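Listing of upload-v4.csv, CSV, C-alpha atoms
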```
chain,number,residue,atom,x,y,z
K,211,MET,CA,0.0,0.0,0.0
K,212,ILE,CA,1.2,3.5,-0.7
K,213,PRO,CA,0.6,6.3,1.8
K,214,TRP,CA,-2.2,8.8,1.5
K,215,LEU,CA,-1.2,12.4,1.9
K,216,ASP,CA,-3.3,15.1,3.4
K,217,ALA,CA,-2.7,18.9,3.2
K,218,ASN,CA,0.0,18.8,5.9
K,219,SER,CA,1.7,15.4,5.1
K,220,PRO,CA,5.3,15.5,4.1
K,221,PHE,CA,6.4,13.3,1.1
K,222,PRO,CA,7.8,9.9,2.0
K,223,ASP,CA,11.5,9.3,1.0
K,224,VAL,CA,11.7,8.3,-2.6
K,225,SER,CA,13.3,5.0,-1.6
K,226,GLU,CA,9.8,3.9,-0.5
K,227,ALA,CA,8.4,4.1,-4.1
K,228,LEU,CA,7.0,0.9,-5.4
K,229,SER,CA,9.3,-1.4,-7.4
K,230,THR,CA,6.6,-3.7,-8.7
K,231,ASP,CA,3.0,-3.3,-10.0
K,232,ALA,CA,3.3,0.4,-10.6
K,233,PRO,CA,7.1,1.0,-10.4
K,234,GLY,CA,8.0,4.4,-9.1
K,235,LEU,CA,4.6,5.1,-7.5
K,236,LEU,CA,5.3,6.8,-4.1
K,237,ALA,CA,2.1,8.3,-2.7
K,238,ALA,CA,-1.4,9.6,-3.4
K,239,GLY,CA,-3.5,12.6,-2.3
K,240,ALA,CA,-2.6,16.1,-1.1
K,241,ASP,CA,-3.0,18.9,-3.6
K,242,LEU,CA,-1.4,20.6,-6.6
K,243,SER,CA,-0.6,24.0,-5.0
K,244,PRO,CA,2.7,25.7,-6.1
K,245,ALA,CA,4.1,25.0,-2.6
K,246,ARG,CA,3.4,21.3,-2.9
K,247,LEU,CA,4.7,21.1,-6.4
K,248,LEU,CA,7.9,22.8,-5.4
K,249,ALA,CA,8.3,20.4,-2.5
K,250,ALA,CA,7.9,17.5,-4.9
K,251,TYR,CA,10.3,18.6,-7.5
K,252,GLN,CA,13.0,19.5,-4.9
K,253,ARG,CA,12.8,15.8,-3.9
K,254,GLY,CA,12.7,14.2,-7.4
K,255,ILE,CA,9.0,13.6,-7.2
K,256,PHE,CA,6.4,14.5,-9.9
K,257,PRO,CA,2.6,14.1,-10.2
K,258,TRP,CA,1.1,11.9,-12.9
K,259,PHE,CA,-2.5,10.6,-13.0
K,260,SER,CA,-5.5,10.2,-15.2
K,261,GLU,CA,-8.9,11.9,-15.1
K,262,GLY,CA,-10.9,10.4,-12.2
K,263,GLN,CA,-7.9,9.2,-10.3
K,264,PRO,CA,-6.6,10.8,-7.1
K,265,ILE,CA,-3.4,12.8,-7.4
K,266,LEU,CA,-0.6,10.2,-7.8
K,267,TRP,CA,3.1,11.1,-7.0
K,268,TRP,CA,6.0,9.2,-8.6
K,269,SER,CA,9.7,8.9,-8.4
K,270,THR,CA,10.9,6.5,-11.1
K,271,ASP,CA,14.0,4.4,-11.1
K,272,PRO,CA,15.8,4.5,-13.4
K,273,ARG,CA,15.1,8.2,-14.3
K,274,MET,CA,15.1,9.4,-17.9
K,275,VAL,CA,17.2,12.5,-18.3
K,276,LEU,CA,18.6,14.6,-21.2
K,277,ARG,CA,22.0,16.0,-20.8
K,278,THR,CA,22.0,19.3,-22.5
K,279,ALA,CA,25.3,18.6,-24.1
K,280,ASP,CA,23.9,15.4,-25.6
K,281,PHE,CA,20.8,16.9,-27.4
K,282,LYS,CA,20.6,15.3,-30.9
K,283,ILE,CA,19.8,17.5,-33.9
K,284,SER,CA,18.4,15.5,-36.8
K,285,GLU,CA,19.0,16.7,-40.3
K,286,SER,CA,15.3,17.5,-40.6
K,287,LEU,CA,15.4,19.6,-37.5
K,288,ARG,CA,18.6,21.3,-38.5
K,289,LYS,CA,16.9,22.4,-41.8
K,290,THR,CA,13.9,23.7,-39.8
K,291,LEU,CA,16.1,25.6,-37.4
K,292,LYS,CA,17.9,27.3,-40.3
K,293,LYS,CA,14.6,28.2,-41.9
K,294,VAL,CA,13.4,29.8,-38.6
K,295,ALA,CA,16.6,31.8,-38.3
K,296,ARG,CA,16.4,32.8,-42.0
K,297,GLU,CA,12.8,34.1,-41.9
K,298,PRO,CA,12.4,36.1,-38.7
K,299,GLU,CA,9.5,38.0,-40.3
K,300,ARG,CA,7.5,34.8,-40.2
K,301,TRP,CA,9.0,32.7,-37.4
K,302,GLN,CA,9.6,33.7,-33.8
K,303,VAL,CA,10.7,31.8,-30.8
K,304,ARG,CA,9.6,33.3,-27.5
K,305,PHE,CA,9.8,32.3,-23.8
K,306,ASP,CA,6.9,32.8,-21.4
K,307,SER,CA,4.7,34.9,-23.6
K,308,ALA,CA,1.8,32.3,-23.6
K,309,PHE,CA,2.5,29.9,-20.8
K,310,GLU,CA,-1.1,28.7,-20.2
K,311,GLN,CA,-1.7,28.5,-23.9
K,312,VAL,CA,1.2,26.2,-24.3
K,313,MET,CA,-0.1,24.0,-21.4
K,314,ARG,CA,-3.5,23.8,-23.0
K,315,ALA,CA,-2.0,22.9,-26.4
K,316,CYS,CA,-0.1,20.1,-24.7
K,317,ALA,CA,-3.3,18.9,-23.1
K,318,ALA,CA,-5.3,18.8,-26.3
K,319,PRO,CA,-6.1,15.5,-28.1
K,320,ARG,CA,-3.4,14.2,-30.3
K,321,ARG,CA,-3.8,12.9,-33.8
K,322,ASP,CA,-3.0,9.3,-32.7
K,323,GLY,CA,-4.9,9.4,-29.4
K,324,PRO,CA,-6.9,11.2,-26.7
K,325,GLY,CA,-5.8,14.2,-24.7
K,326,THR,CA,-3.0,14.0,-22.2
K,327,TRP,CA,-3.2,13.8,-18.4
K,328,ILE,CA,-2.9,17.6,-18.1
K,329,SER,CA,-6.2,18.5,-16.3
K,330,GLU,CA,-7.5,21.9,-15.3
K,331,ASP,CA,-6.1,21.3,-11.8
K,332,ILE,CA,-2.7,20.6,-13.3
K,333,ILE,CA,-2.9,23.8,-15.5
K,334,ALA,CA,-3.9,25.8,-12.4
K,335,GLY,CA,-1.0,24.5,-10.3
K,336,TYR,CA,1.7,25.0,-12.9
K,337,SER,CA,0.3,28.4,-13.8
K,338,GLY,CA,0.8,29.3,-10.2
K,339,LEU,CA,4.4,28.1,-10.4
K,340,HIS,CA,4.8,30.2,-13.6
K,341,ARG,CA,3.6,33.4,-11.8
K,342,GLN,CA,6.2,32.7,-9.1
K,343,GLY,CA,9.0,32.3,-11.6
K,344,TYR,CA,9.5,28.6,-11.4
K,345,ALA,CA,7.7,27.3,-14.5
K,346,HIS,CA,8.5,28.4,-18.1
K,347,SER,CA,7.5,27.9,-21.7
K,348,SER,CA,9.4,27.9,-24.9
K,349,GLU,CA,7.2,28.8,-27.9
K,350,LEU,CA,7.4,28.7,-31.7
K,351,TRP,CA,5.2,31.2,-33.5
K,352,LEU,CA,4.5,31.2,-37.3
K,353,ASP,CA,2.8,34.3,-38.8
K,354,GLY,CA,1.5,35.3,-35.3
K,355,GLU,CA,0.1,31.8,-34.4
K,356,LEU,CA,1.5,29.4,-31.8
K,357,VAL,CA,2.6,26.3,-33.6
K,358,GLY,CA,4.9,24.5,-31.2
K,359,GLY,CA,6.1,24.6,-27.6
K,360,ALA,CA,7.4,23.0,-24.5
K,361,TYR,CA,7.1,23.8,-20.8
K,362,GLY,CA,8.7,22.7,-17.5
K,363,VAL,CA,9.9,23.6,-14.1
K,364,SER,CA,13.1,25.4,-13.2
K,365,ILE,CA,14.7,25.3,-9.7
K,366,GLY,CA,18.2,26.7,-9.4
K,367,THR,CA,20.1,25.0,-12.3
K,368,MET,CA,17.8,22.0,-12.5
K,369,PHE,CA,15.2,21.9,-15.2
K,370,TYR,CA,12.3,19.4,-15.2
K,371,GLY,CA,10.7,19.0,-18.6
K,372,GLU,CA,6.9,18.3,-18.6
K,373,SER,CA,5.4,18.2,-22.1
K,374,MET,CA,5.6,19.4,-25.7
K,375,PHE,CA,3.3,19.9,-28.6
K,376,ALA,CA,3.6,20.6,-32.3
K,377,ARG,CA,1.1,21.9,-34.9
K,378,VAL,CA,3.8,22.0,-37.7
K,379,SER,CA,6.6,19.6,-38.5
K,380,ASP,CA,9.4,19.8,-35.9
K,381,GLY,CA,7.5,22.6,-34.0
K,382,SER,CA,8.0,21.1,-30.6
K,383,LYS,CA,11.7,20.2,-31.4
K,384,VAL,CA,12.5,23.8,-32.4
K,385,ALA,CA,11.1,25.0,-29.2
K,386,LEU,CA,13.1,22.4,-27.3
K,387,ALA,CA,16.3,23.2,-29.2
K,388,TYR,CA,16.1,26.9,-28.2
K,389,LEU,CA,15.3,25.9,-24.6
K,390,VAL,CA,18.2,23.4,-24.5
K,391,HIS,CA,20.6,26.0,-25.8
K,392,PHE,CA,19.4,28.6,-23.3
K,393,LEU,CA,19.7,26.2,-20.4
K,394,ARG,CA,23.3,25.2,-21.5
K,395,GLN,CA,24.2,28.9,-21.4
K,396,HIS,CA,22.9,29.2,-17.9
K,397,GLY,CA,24.8,26.2,-16.5
K,398,VAL,CA,22.0,23.6,-16.7
K,399,ALA,CA,23.6,20.3,-17.4
K,400,LEU,CA,20.6,18.0,-17.2
K,401,ILE,CA,16.9,18.1,-18.0
K,402,ASP,CA,14.6,15.7,-16.1
K,403,CYS,CA,12.4,13.7,-18.6
K,404,GLN,CA,10.8,11.5,-15.9
K,405,GLN,CA,9.9,8.4,-17.9
K,406,GLU,CA,11.6,6.5,-20.6
K,407,THR,CA,10.2,6.7,-24.2
K,408,GLY,CA,11.6,6.0,-27.6
K,409,HIS,CA,10.9,9.6,-28.7
K,410,LEU,CA,13.0,11.0,-25.8
K,411,ALA,CA,15.8,8.5,-26.6
K,412,SER,CA,15.9,9.8,-30.2
K,413,LEU,CA,16.6,13.3,-28.8
K,414,GLY,CA,19.6,12.0,-26.8
K,415,ALA,CA,17.9,11.2,-23.4
K,416,ARG,CA,18.9,8.2,-21.5
K,417,PRO,CA,18.0,6.5,-18.2
K,418,ILE,CA,20.2,6.9,-15.1
K,419,PRO,CA,19.9,5.4,-11.6
K,420,ARG,CA,17.5,7.4,-9.4
K,421,LYS,CA,20.2,7.8,-6.7
K,422,ASP,CA,22.4,9.6,-9.3
K,423,PHE,CA,19.5,11.8,-10.4
K,424,ILE,CA,18.7,12.8,-6.7
K,425,ALA,CA,22.4,13.5,-6.0
K,426,HIS,CA,22.5,15.8,-9.1
K,427,LEU,CA,19.4,17.7,-8.3
K,428,GLN,CA,20.4,18.3,-4.7
K,429,LYS,CA,23.4,20.2,-5.9
K,430,CYS,CA,21.4,22.1,-8.5
K,431,ILE,CA,18.3,23.3,-6.5
K,432,VAL,CA,20.4,25.4,-4.1
K,433,MET,CA,21.9,27.4,-6.9
K,434,PRO,CA,20.5,30.9,-7.8
K,435,GLN,CA,17.4,31.0,-9.9
K,436,ILE,CA,17.7,31.8,-13.6
K,437,ARG,CA,16.1,35.3,-13.8
K,438,ASP,CA,16.2,36.5,-17.4
K,439,TRP,CA,14.3,34.1,-19.7
K,440,TYR,CA,15.0,35.3,-23.2
K,441,PRO,CA,15.7,33.0,-26.2
K,442,THR,CA,18.9,33.3,-28.1
K,443,ALA,CA,19.6,31.6,-31.5
K,444,PRO,CA,20.6,28.0,-30.9
K,445,PHE,CA,23.9,26.8,-32.3
K,446,PRO,CA,22.4,24.5,-35.0
K,447,ALA,CA,20.9,27.6,-36.7
K,448,ARG,CA,24.2,29.2,-37.4
```

Starting from the coordinates I provided, produce the structure as structure tokens.
Amino acid sequence: MIPWLDANSPFPDVSEALSTDAPGLLAAGADLSPARLLAAYQRGIFPWFSEGQPILWWSTDPRMVLRTADFKISESLRKTLKKVAREPERWQVRFDSAFEQVMRACAAPRRDGPGTWISEDIIAGYSGLHRQGYAHSSELWLDGELVGGAYGVSIGTMFYGESMFARVSDGSKVALAYLVHFLRQHGVALIDCQQETGHLASLGARPIPRKDFIAHLQKCIVMPQIRDWYPTAPFPAR
């Protein structure tokens, strides 16, 4: 059995997460307030649950991570990045100009399936983190319309990737490329990807032991916050 959290309950140690049945499941309950979300991320814990379920808290082992130095640029993405750089009158990359809009686009039904787990409560919680300066979006705009994006949580020099979306080919990857380059410039070595997927692996992510992930984030979350979020041209576009 996993513990049930009320409003004042602390998180269990991540070592108590299940190893069978639902590997990585740590606890259920509590809320999605900015304070609770910050407490979770500072401990290597994240929420993930479906509509109709209680809030479920996870700490997976191994943990999927993307080292910013290992981000892979496919030939297709390289061409798209060059096009974005070449046509600034049509294409723009922005940070934090439409955070909630990015979240809602990530929550929308996909061509190959239903909508994601991103509920109204999730949107409210992370929008609260955004207002406090801990959650950020990277956005690709084409002719004034939002066509791709990614969002996540930033604490010190630790970045936790949450979700991406694309309405044009490579839209999410362009937003991610600019974000990765920005994070590298600000001393962020590793992006938390939470769970292992083939798509993330194709971008250069790989699993590492949870204990190594926790040791890394403990060093990063005590560093000063990144304050000025403004995209600069990523190296592949040059």

Would you give me, as JSON lines, each residue of range 229-279 of chain K having an atom within 9 Å of an atom of range 379-398 of chain K, along with its shortest atom pair and that distance in Å to one decimal, using all atoms listed in the file and sorting by chain and residue number?
```
{"residue": "K:Arg277", "atom": "CA", "partner": "K:Val398", "partner_atom": "CA", "distance": 8.6}
{"residue": "K:Thr278", "atom": "CA", "partner": "K:Val390", "partner_atom": "CA", "distance": 5.9}
{"residue": "K:Ala279", "atom": "CA", "partner": "K:Arg394", "partner_atom": "CA", "distance": 7.4}
```

Using CA of Trp268 in chain K and CA of Pro244 in chain K as the two end points, give the distance in Å to one decimal.
->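 Separating CA of Trp268 in chain K from CA of Pro244 in chain K is a distance of 17.0 Å.
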
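As for CA of Cys430 in chain K and CA of Met368 in chain K, they are spaced 5.4 Å apart.
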
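For the atom pair formed by CA of Val312 in chain K and CA of Ala345 in chain K, the distance is 11.8 Å, given to one decimal.
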
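Summary of the local environment: counting all atoms listed in the file, residues at most 7 Å from Cys403 in chain K, other than itself and those fewer than 3 positions away along its chain, are Met274, Val275, Leu276, Tyr370 and Gly371 of chain K.
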
Would you output that residue set with C-alpha atoms, as a compact mmCIF listing (two decimals), in the coordinates of the input?
```txt
# COMPACT_ATOMS: atom_id res chain seq x y z
CA MET K 274 15.10 9.40 -17.90
CA VAL K 275 17.20 12.50 -18.30
CA LEU K 276 18.60 14.60 -21.20
CA TYR K 370 12.30 19.40 -15.20
CA GLY K 371 10.70 19.00 -18.60
```

Counting all atoms listed in the file, the residue among K:Leu413, K:Leu350, K:Ile418, K:Ala240 that lies closest to Lys282 in chain K is K:Leu413

Fewer than 4 positions away in the same chain doesn't count, so skip those; otherwise give me all residues within 12 Å of Ile265 in chain K, counting only C-alpha atoms, as a PDB file with C-alpha atoms, in the frame of the given file.
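As a result, result_4.pdb now contains:
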```
ATOM      1  CA  PRO K 213       0.600   6.300   1.800  1.00  0.00           C
ATOM      2  CA  TRP K 214      -2.200   8.800   1.500  1.00  0.00           C
ATOM      3  CA  LEU K 215      -1.200  12.400   1.900  1.00  0.00           C
ATOM      4  CA  ASP K 216      -3.300  15.100   3.400  1.00  0.00           C
ATOM      5  CA  LEU K 235       4.600   5.100  -7.500  1.00  0.00           C
ATOM      6  CA  LEU K 236       5.300   6.800  -4.100  1.00  0.00           C
ATOM      7  CA  ALA K 237       2.100   8.300  -2.700  1.00  0.00           C
ATOM      8  CA  ALA K 238      -1.400   9.600  -3.400  1.00  0.00           C
ATOM      9  CA  GLY K 239      -3.500  12.600  -2.300  1.00  0.00           C
ATOM     10  CA  ALA K 240      -2.600  16.100  -1.100  1.00  0.00           C
ATOM     11  CA  ASP K 241      -3.000  18.900  -3.600  1.00  0.00           C
ATOM     12  CA  LEU K 242      -1.400  20.600  -6.600  1.00  0.00           C
ATOM     13  CA  SER K 243      -0.600  24.000  -5.000  1.00  0.00           C
ATOM     14  CA  ARG K 246       3.400  21.300  -2.900  1.00  0.00           C
ATOM     15  CA  LEU K 247       4.700  21.100  -6.400  1.00  0.00           C
ATOM     16  CA  PHE K 256       6.400  14.500  -9.900  1.00  0.00           C
ATOM     17  CA  PRO K 257       2.600  14.100 -10.200  1.00  0.00           C
ATOM     18  CA  TRP K 258       1.100  11.900 -12.900  1.00  0.00           C
ATOM     19  CA  PHE K 259      -2.500  10.600 -13.000  1.00  0.00           C
ATOM     20  CA  SER K 260      -5.500  10.200 -15.200  1.00  0.00           C
ATOM     21  CA  GLU K 261      -8.900  11.900 -15.100  1.00  0.00           C
ATOM     22  CA  TRP K 327      -3.200  13.800 -18.400  1.00  0.00           C
ATOM     23  CA  ILE K 328      -2.900  17.600 -18.100  1.00  0.00           C
ATOM     24  CA  SER K 329      -6.200  18.500 -16.300  1.00  0.00           C
ATOM     25  CA  ASP K 331      -6.100  21.300 -11.800  1.00  0.00           C
ATOM     26  CA  ILE K 332      -2.700  20.600 -13.300  1.00  0.00           C
TER      27      ILE K 332
END
```

Residue neighbourhood Pro272 in chain K, 10 Å, all atoms listed in the file, exclusion window fewer than 2 positions, as a PyMOL selection string = chain K and resi 233-234+269-270+274-275+404-406+416-423

Selection file, C-alpha atoms, as a CSV table (one decimal), in the coordinates of the input:
```
chain,number,residue,atom,x,y,z
K,233,PRO,CA,7.1,1.0,-10.4
K,234,GLY,CA,8.0,4.4,-9.1
K,269,SER,CA,9.7,8.9,-8.4
K,270,THR,CA,10.9,6.5,-11.1
K,274,MET,CA,15.1,9.4,-17.9
K,275,VAL,CA,17.2,12.5,-18.3
K,404,GLN,CA,10.8,11.5,-15.9
K,405,GLN,CA,9.9,8.4,-17.9
K,406,GLU,CA,11.6,6.5,-20.6
K,416,ARG,CA,18.9,8.2,-21.5
K,417,PRO,CA,18.0,6.5,-18.2
K,418,ILE,CA,20.2,6.9,-15.1
K,419,PRO,CA,19.9,5.4,-11.6
K,420,ARG,CA,17.5,7.4,-9.4
K,421,LYS,CA,20.2,7.8,-6.7
K,422,ASP,CA,22.4,9.6,-9.3
K,423,PHE,CA,19.5,11.8,-10.4
```

Would you list the residues near (11.6, 21.0, -1.5) (no more than 12 Å away, in the coordinates of the file, using all atoms listed in the file) as JSON, numbers by chain?
-> {"K": [220, 221, 223, 244, 245, 246, 247, 248, 249, 250, 251, 252, 253, 254, 255, 256, 365, 366, 427, 428, 431, 432]}

Between K:Asp271, K:Glu299, K:Asp280, K:Glu349, smallest distance to Pro441 in chain K by only C-alpha atoms belongs to K:Glu349

Protein/DNA/RNA residues near (-3.3, 24.3, -21.9), cut 10 Å, only C-alpha atoms, as a PDB file with C-alpha atoms, in the frame of the given file:
```pdb
ATOM      1  CA  ALA K 308       1.800  32.300 -23.600  1.00  0.00           C
ATOM      2  CA  PHE K 309       2.500  29.900 -20.800  1.00  0.00           C
ATOM      3  CA  GLU K 310      -1.100  28.700 -20.200  1.00  0.00           C
ATOM      4  CA  GLN K 311      -1.700  28.500 -23.900  1.00  0.00           C
ATOM      5  CA  VAL K 312       1.200  26.200 -24.300  1.00  0.00           C
ATOM      6  CA  MET K 313      -0.100  24.000 -21.400  1.00  0.00           C
ATOM      7  CA  ARG K 314      -3.500  23.800 -23.000  1.00  0.00           C
ATOM      8  CA  ALA K 315      -2.000  22.900 -26.400  1.00  0.00           C
ATOM      9  CA  CYS K 316      -0.100  20.100 -24.700  1.00  0.00           C
ATOM     10  CA  ALA K 317      -3.300  18.900 -23.100  1.00  0.00           C
ATOM     11  CA  ALA K 318      -5.300  18.800 -26.300  1.00  0.00           C
ATOM     12  CA  ILE K 328      -2.900  17.600 -18.100  1.00  0.00           C
ATOM     13  CA  SER K 329      -6.200  18.500 -16.300  1.00  0.00           C
ATOM     14  CA  GLU K 330      -7.500  21.900 -15.300  1.00  0.00           C
ATOM     15  CA  ILE K 332      -2.700  20.600 -13.300  1.00  0.00           C
ATOM     16  CA  ILE K 333      -2.900  23.800 -15.500  1.00  0.00           C
ATOM     17  CA  ALA K 334      -3.900  25.800 -12.400  1.00  0.00           C
ATOM     18  CA  SER K 337       0.300  28.400 -13.800  1.00  0.00           C
TER      19      SER K 337
END
```

Pick out the closest residue to Trp301 in chain K from this set: K:Tyr344, K:Trp439, K:Trp351, K:Tyr361. Count all atoms listed in the file.
-> K:Trp351

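Distances from K:Ala360, K:Val294, K:Ala376, K:Ala217 to Asp306 in chain K were compared using all atoms listed in the file, and the smallest one belongs to K:Ala360.
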
Nearest to Arg320 in chain K: which of K:Leu410, K:Ala232, K:Met211, K:Met374 is it, counting all atoms listed in the file?
-> K:Met374

Please provide as a PyMOL selection string all residues within 10 Å of Val378 in chain K, with the sequence filter that same-chain residues fewer than 6 positions apart are discarded (counting only C-alpha atoms).
-> chain K and resi 350+352+356-358
